[in-house]
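K.L.:
The structure's right below; bear with me while I get my questions together.
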Amino acid sequence: MSQLNLKSIKNQAEKEIKKTENLTELEGIFKKYLGKTGVITQVLRSLEKLSKEKKAKIGKEANELKKFLKLLFEQKTQAFKEKVKKETEESEWLDVTLPGKKPVFGHLHPLTLARRRMEEIFQSMGFSIVEGPEMETEWYNFDALNIPKNHPARDIWDTFYLKTELSRSENEGEDEATASSPTELSRSENEGEDEATASSPTELPKEAKVKMKTKFSSPGGLLLRTHTSPMQVRYMEKNQPPLRIIVPGNVFRHEATDYRHEFQLFQVEGLMVDREISVPSFKAIIGEFFRRFFKKEVEFRLKPDFFPFTEPSFDISMTCLVCAGKGCSACKNTGWMEVAGAGMVHPNVFKNSGLNPKEWRGWAFGFGLDRLAMMKYKINDIRLLRSGDLRFLHQF
Ligand code: DAH
C-alpha cells in the first residue's frame with residue numbers, strides 16, 4: 001500500500017461524497033469506504049503483512065484518512081438533515097394568525113325540539129309514549145271512533161284513501177264477501193232499529209268484527225291516518241286501564257295549505273282512562289303542560305266543540321304568542337290560537353275497544369304539534385316548518 005494509493009482513495013472518496021444528493025446515497029458511500037469490508041478497513045487489515053516501519057507510517061496515515069472521511073460524512077449528513085428540515089418547515093408552514101374555518105354543525109328541527117319537550121313533560125306526569133301506523137284502516141280511523149261510513153262527521157277530515165288490491169276488486173264487484181263494509185253489515189243487521197245504535201259498528205256480529213280486524217285491507221280499505229286518535233282504540237284493545245298514554249305522530253289531510261294549515265301535520269294524542277276521571281283533572285294536566293312547555297303562565301280556554309268520539313267535546317285555544325294576543329295573520333286576528341281538540345271519551349269508543357263504558361271513564365286530546373311549535377318559537381306561517389329553507393332552520 002503506497003502513499004499514492006491512499007491519496008487517490010482520499011480524492012476519490014471526497015469526490016463521491018461531494019456528489020451525493022441524499023442520505024441514502026451517502027450511506028452507500030460510507031459503507032463502501034468505512035464499512036466492514038470497505039476500502040479503508042481493508043487497507044488497515046492489510047497492514048499486518050508490512051514491515052514494522054511501513055506499518056507505523058501507513059497505519060498512521062490510513063487512520064488519519066479514516067478520521068478525516070468520518071468527519072466529512074458527519075458534516076454531509078448534518079447538511080442533508082438541515083436541508084430536509086428546512087424544506088419541511090417551508091412546505092408545512094402554518095399561519096396561526098389566519099381566521100379558522102367554522103365547522104357546520106347540524107341541529108334538531110323545531111318540530112323535534114317541541115316533540116321531545118312535550119314527551120319529557122308528559123312522561124314526568126306518568127304518561128307512556130306509544131306510536132301507531134301512519135297507514136291506517138278505515139275501521140280504526142273512523143268507524144271505531146264512532147264515525148260510521150256516510151256520516152257527515154267524516155267530512156271534517158279530508159282523507160287520502162289508498163288503493164289496494166282489495167279495494168280495487170271491491171270496485172269491480174269481485175270478492176263480494178270481503179268487500180262488504182262494517183257499516184253496510186251493521187245496517188242490514190240492525191234494520192228497523194233505533195237509528196243511533198244502528199249506525200254504530202259496536203252492533204256488528206262478533207265474527208264480522210273479527211274479520212274486519214284481521215283482514216288488513218278491510219273494511220273499505222286503507223288510508224293515511226287523518227289523526228292520531230285511532231291509537232286510542234288500538235291501545236285500549238290490548239291494554240287494561242287505568243292507563244295514561246301520549247301518541248306522537250304524523251297525520252295527513254287532503255287540504256289546501258295556508259299559513260295555518262298543512263296537508264301533513266304532527267299530532268300528539270293523549271289518553272287517560274281510570275274509574276274516576278273528569279274534566280277538572282284534564283284542565284289541571286293541560287295547564288301544567290302549558291306552564292312547562294312555554295316556561296310561563298299562558299292563558300288558555302276550553303270551548304265547546306263537536307267530535308264524534310268524545311262527549312262532551314271541546315277545543316283548546318291559547319293566547320296567540322306570535323302577537324301576544326293582539327291579533328296577527330297566524331291567529332286570524334283573533335288573538336287566540338286553536339291548538340287541540342279534546343273531550344271525554346265516548347262510550348262507543350270504549351265498547352269498540354272491548355271495554356265496559358259503565359266501568360271506565362277517560363279523557364283524550366289531540367294537540368297539533370306544528371301549532372304548538374308556532375307558538376313556542378313565534379312562527380307566523382306553518383308551511384315554514386317543512387319548507388326545508390335553511391334560512392329558517394338555522395334560527396333554531
Ligand atoms: N282527532 C281530532 C282531530 O284530529 C282531535 C281530537 C279531538 C283528538 C278530540 C282527541 C279528542 O283525542 O278527544 O281533529
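Chain lettering (A, B, ...) mirrors the order of the C-alpha cells, residue numbering begins at 1 for each chain separately, and ligand numbering begins at 1 in order of display.
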Please check which protein, DNA or RNA residues sit within 9 Å of ligand 1, counting only C-alpha atoms and all ligand atoms, and write them as a PyMOL selection string.
P.N.:
chain A and resi 156-157+226-230+232+251+267-271+305-311+313-315+340-346+363-368
K.L.:
With C-alpha atoms kept, could you save the residues just selected as a PDB file, in the first residue's frame?
P.N.:
ATOM      1  CA  ILE A 156    -114.213  17.069   8.997  1.00  0.00           C
ATOM      2  CA  TRP A 157    -111.205  15.124   7.735  1.00  0.00           C
ATOM      3  CA  THR A 226    -106.076  11.807   9.384  1.00  0.00           C
ATOM      4  CA  HIS A 227    -105.410  11.938  13.126  1.00  0.00           C
ATOM      5  CA  THR A 228    -103.671  10.014  15.892  1.00  0.00           C
ATOM      6  CA  SER A 229    -106.978   9.175  17.610  1.00  0.00           C
ATOM      7  CA  PRO A 230    -107.141   5.629  16.095  1.00  0.00           C
ATOM      8  CA  GLN A 232    -106.914   5.216  21.408  1.00  0.00           C
ATOM      9  CA  VAL A 251    -101.131  12.690  10.153  1.00  0.00           C
ATOM     10  CA  GLN A 267    -100.123  15.452  16.238  1.00  0.00           C
ATOM     11  CA  VAL A 268     -99.753  14.321  19.801  1.00  0.00           C
ATOM     12  CA  GLU A 269    -102.736  12.343  21.040  1.00  0.00           C
ATOM     13  CA  GLY A 270    -103.295  11.957  24.762  1.00  0.00           C
ATOM     14  CA  LEU A 271    -105.480   9.455  26.593  1.00  0.00           C
ATOM     15  CA  ASP A 305    -116.894  21.702  20.048  1.00  0.00           C
ATOM     16  CA  PHE A 306    -118.026  18.521  18.351  1.00  0.00           C
ATOM     17  CA  PHE A 307    -116.079  15.301  17.863  1.00  0.00           C
ATOM     18  CA  PRO A 308    -117.938  12.025  17.393  1.00  0.00           C
ATOM     19  CA  PHE A 309    -115.530  10.169  19.675  1.00  0.00           C
ATOM     20  CA  THR A 310    -115.866  12.442  22.720  1.00  0.00           C
ATOM     21  CA  GLU A 311    -118.826  13.634  24.741  1.00  0.00           C
ATOM     22  CA  SER A 313    -116.101  17.727  23.294  1.00  0.00           C
ATOM     23  CA  PHE A 314    -114.163  20.941  23.295  1.00  0.00           C
ATOM     24  CA  ASP A 315    -111.329  22.673  21.573  1.00  0.00           C
ATOM     25  CA  ALA A 340    -106.038  20.915  20.243  1.00  0.00           C
ATOM     26  CA  GLY A 341    -109.324  19.055  20.163  1.00  0.00           C
ATOM     27  CA  ALA A 342    -110.323  17.180  23.290  1.00  0.00           C
ATOM     28  CA  GLY A 343    -113.137  15.711  25.333  1.00  0.00           C
ATOM     29  CA  MET A 344    -114.416  12.874  27.487  1.00  0.00           C
ATOM     30  CA  VAL A 345    -114.080   9.506  25.726  1.00  0.00           C
ATOM     31  CA  HIS A 346    -117.392   8.476  24.125  1.00  0.00           C
ATOM     32  CA  TRP A 363    -110.432  11.992  28.606  1.00  0.00           C
ATOM     33  CA  ALA A 364    -108.487  12.424  25.407  1.00  0.00           C
ATOM     34  CA  PHE A 365    -106.844  15.205  23.483  1.00  0.00           C
ATOM     35  CA  GLY A 366    -105.173  15.703  20.127  1.00  0.00           C
ATOM     36  CA  PHE A 367    -102.602  18.500  20.033  1.00  0.00           C
ATOM     37  CA  GLY A 368    -101.295  19.920  16.778  1.00  0.00           C
TER      38      GLY A 368
END
K.L.:
Just want the 10 Å neighbourhood of A:Glu359, counted on only C-alpha atoms, with same-chain residues fewer than 4 positions away dropped. Output as a list in words.
P.N.:
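In the requested form, the answer reads Asp274, Arg275, Glu276, Phe350 and Leu355 of chain A.
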K.L.:
Next, dump the selected residues to file, keeping only C-alpha atoms, as an mmCIF file, in the first residue's frame.
P.N.:
data_model
loop_
_atom_site.group_PDB
_atom_site.id
_atom_site.type_symbol
_atom_site.label_atom_id
_atom_site.label_comp_id
_atom_site.auth_asym_id
_atom_site.auth_seq_id
_atom_site.Cartn_x
_atom_site.Cartn_y
_atom_site.Cartn_z
ATOM 1 C CA ASP A 274 -109.449 5.396 35.011
ATOM 2 C CA ARG A 275 -112.530 4.850 37.135
ATOM 3 C CA GLU A 276 -112.877 8.432 38.385
ATOM 4 C CA PHE A 350 -114.847 2.140 24.942
ATOM 5 C CA LEU A 355 -114.066 -2.069 27.485
#
K.L.:
So that I can see what lies close to A:Ala330, please list as a ChimeraX atom specification the residues with an atom at most 12 Å from it, counting only C-alpha atoms and leaving out residues fewer than 5 positions away in the same chain.
P.N.:
/A:258-261,319-325,335-338,371,374-375,378-383
K.L.:
Write out, as a PDB file, in the first residue's frame, the residues just selected, with C-alpha atoms.
P.N.:
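This went into again39.pdb:
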ATOM      1  CA  ASP A 258    -102.282  28.292   4.044  1.00  0.00           C
ATOM      2  CA  TYR A 259    -100.302  29.881   6.861  1.00  0.00           C
ATOM      3  CA  ARG A 260    -102.324  27.898   9.465  1.00  0.00           C
ATOM      4  CA  HIS A 261    -102.942  24.641   7.557  1.00  0.00           C
ATOM      5  CA  THR A 319    -103.374  33.259  23.631  1.00  0.00           C
ATOM      6  CA  CYS A 320    -101.508  33.653  20.359  1.00  0.00           C
ATOM      7  CA  LEU A 321     -97.874  34.036  21.337  1.00  0.00           C
ATOM      8  CA  VAL A 322     -96.824  35.276  17.893  1.00  0.00           C
ATOM      9  CA  CYS A 323     -98.641  38.572  18.560  1.00  0.00           C
ATOM     10  CA  ALA A 324     -99.134  38.301  22.349  1.00  0.00           C
ATOM     11  CA  GLY A 325    -102.890  38.215  21.788  1.00  0.00           C
ATOM     12  CA  GLY A 335    -105.609  36.816  19.397  1.00  0.00           C
ATOM     13  CA  TRP A 336    -106.338  33.114  20.044  1.00  0.00           C
ATOM     14  CA  MET A 337    -104.759  30.014  18.516  1.00  0.00           C
ATOM     15  CA  GLU A 338    -106.589  26.706  18.465  1.00  0.00           C
ATOM     16  CA  ARG A 371     -99.213  24.840  16.093  1.00  0.00           C
ATOM     17  CA  MET A 374     -95.523  28.039  16.050  1.00  0.00           C
ATOM     18  CA  MET A 375     -96.497  29.422  19.451  1.00  0.00           C
ATOM     19  CA  LYS A 378     -93.200  32.631  17.261  1.00  0.00           C
ATOM     20  CA  ILE A 379     -93.503  31.255  13.723  1.00  0.00           C
ATOM     21  CA  ASN A 380     -96.198  33.024  11.755  1.00  0.00           C
ATOM     22  CA  ASP A 381     -96.537  30.545   8.859  1.00  0.00           C
ATOM     23  CA  ILE A 382     -96.968  26.800   9.446  1.00  0.00           C
ATOM     24  CA  ARG A 383     -95.558  26.000   5.974  1.00  0.00           C
TER      25      ARG A 383
END
K.L.:
Using only C-alpha atoms, which residue out of A:Leu69, A:Ile58, A:Val84, A:Leu393 lies closest to A:Lys31?
P.N.:
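That would be A:Leu69, the residue with the smallest distance to A:Lys31.
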K.L.:
Have a look at atom CA of A:Val247 and atom CA of A:Pro280 and let me know their distance in Å, one decimal.
P.N.:
21.8 Å
K.L.:
Pick the closest to A:Phe290 from A:Glu89, A:Leu6, A:Asn356, A:Ser317: which is it, counting only C-alpha atoms?
P.N.:
A:Ser317
K.L.:
Ranking A:Ser51, A:Gly362, A:Phe396, A:Asp158 by minimum distance to A:Arg244 and counting only C-alpha atoms, which one comes first?
P.N.:
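Of all the options, A:Gly362 lies closest to A:Arg244.
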K.L.:
Using only C-alpha atoms, which protein or nucleic acid residues come within 12 Å of A:Ala62? Drop anything in the same chain fewer than 2 positions from it, and give the result as a ChimeraX atom specification.
P.N.:
/A:1-7,9-10,33-34,39-47,54-60,64-69
K.L.:
Could the residues in this selection be written to a file with C-alpha atoms, as a PDB file, in the first residue's frame?
P.N.:
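Saved result, result.pdb, follows:
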ATOM      1  CA  MET A   1       0.000   0.000   0.000  1.00  0.00           C
ATOM      2  CA  SER A   2       1.623   3.255  -1.056  1.00  0.00           C
ATOM      3  CA  GLN A   3       1.031   6.832  -0.008  1.00  0.00           C
ATOM      4  CA  LEU A   4      -0.111   7.491  -3.534  1.00  0.00           C
ATOM      5  CA  ASN A   5      -2.777   4.928  -3.203  1.00  0.00           C
ATOM      6  CA  LEU A   6      -4.109   6.458  -0.016  1.00  0.00           C
ATOM      7  CA  LYS A   7      -4.116   9.848  -1.659  1.00  0.00           C
ATOM      8  CA  ILE A   9      -8.542   6.882  -2.253  1.00  0.00           C
ATOM      9  CA  LYS A  10      -8.923  10.154  -0.423  1.00  0.00           C
ATOM     10  CA  TYR A  33     -15.127   3.176   2.315  1.00  0.00           C
ATOM     11  CA  LEU A  34     -15.657   2.653   6.035  1.00  0.00           C
ATOM     12  CA  VAL A  39     -11.767   0.170   1.225  1.00  0.00           C
ATOM     13  CA  ILE A  40     -10.169   1.810   4.291  1.00  0.00           C
ATOM     14  CA  THR A  41     -10.971  -1.170   6.523  1.00  0.00           C
ATOM     15  CA  GLN A  42      -9.193  -3.415   4.060  1.00  0.00           C
ATOM     16  CA  VAL A  43      -6.176  -1.120   3.948  1.00  0.00           C
ATOM     17  CA  LEU A  44      -5.931  -1.279   7.749  1.00  0.00           C
ATOM     18  CA  ARG A  45      -6.249  -5.059   7.718  1.00  0.00           C
ATOM     19  CA  SER A  46      -3.542  -5.462   5.085  1.00  0.00           C
ATOM     20  CA  LEU A  47      -1.003  -3.628   7.309  1.00  0.00           C
ATOM     21  CA  LYS A  54       5.877   0.819   6.978  1.00  0.00           C
ATOM     22  CA  LYS A  55       3.105  -0.447   9.231  1.00  0.00           C
ATOM     23  CA  ALA A  56       3.561   2.513  11.594  1.00  0.00           C
ATOM     24  CA  LYS A  57       3.737   5.057   8.803  1.00  0.00           C
ATOM     25  CA  ILE A  58       0.960   3.837   6.549  1.00  0.00           C
ATOM     26  CA  GLY A  59      -1.153   2.804   9.518  1.00  0.00           C
ATOM     27  CA  LYS A  60      -0.975   6.350  10.879  1.00  0.00           C
ATOM     28  CA  GLU A  64      -5.940   9.865   9.715  1.00  0.00           C
ATOM     29  CA  LEU A  65      -7.737   9.306   6.425  1.00  0.00           C
ATOM     30  CA  LYS A  66     -10.400   7.298   8.250  1.00  0.00           C
ATOM     31  CA  LYS A  67     -10.917  10.125  10.771  1.00  0.00           C
ATOM     32  CA  PHE A  68     -10.995  12.678   8.008  1.00  0.00           C
ATOM     33  CA  LEU A  69     -13.592  10.751   5.982  1.00  0.00           C
TER      34      LEU A  69
END
K.L.:
Of the candidates A:Thr77, A:Asn250, A:Asn63, A:Asn352, which shows the shortest atom-to-atom distance to A:Glu25, using only C-alpha atoms?
P.N.:
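For A:Glu25, the nearest of the given residues is A:Thr77.
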K.L.:
Which residue is closest to A:Lys15? Choose from A:Lys376, A:Ser124, A:Leu72, A:Glu299 and count only C-alpha atoms.
P.N.:
A:Leu72
K.L.:
From the options A:Lys83, A:Arg253, A:Lys283, A:Lys76, which residue's atoms come nearest to A:Arg154, counting only C-alpha atoms?
P.N.:
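The shortest atom-to-atom distance to A:Arg154 comes from A:Arg253.
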K.L.:
Could you pull out all residues of stretch 278-378 of chain A with a DSSP call of helix (DSSP H, G or I) and give them as a VMD selection string?
P.N.:
chain A and resid 279 to 294 347 to 352 369 to 377
K.L.:
Figure out the distance between atom CA of A:Thr20 and atom CA of A:Thr37, please, to one decimal in Å.
P.N.:
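About the pair atom CA of A:Thr37 and atom CA of A:Thr20: they are 20.7 Å apart.
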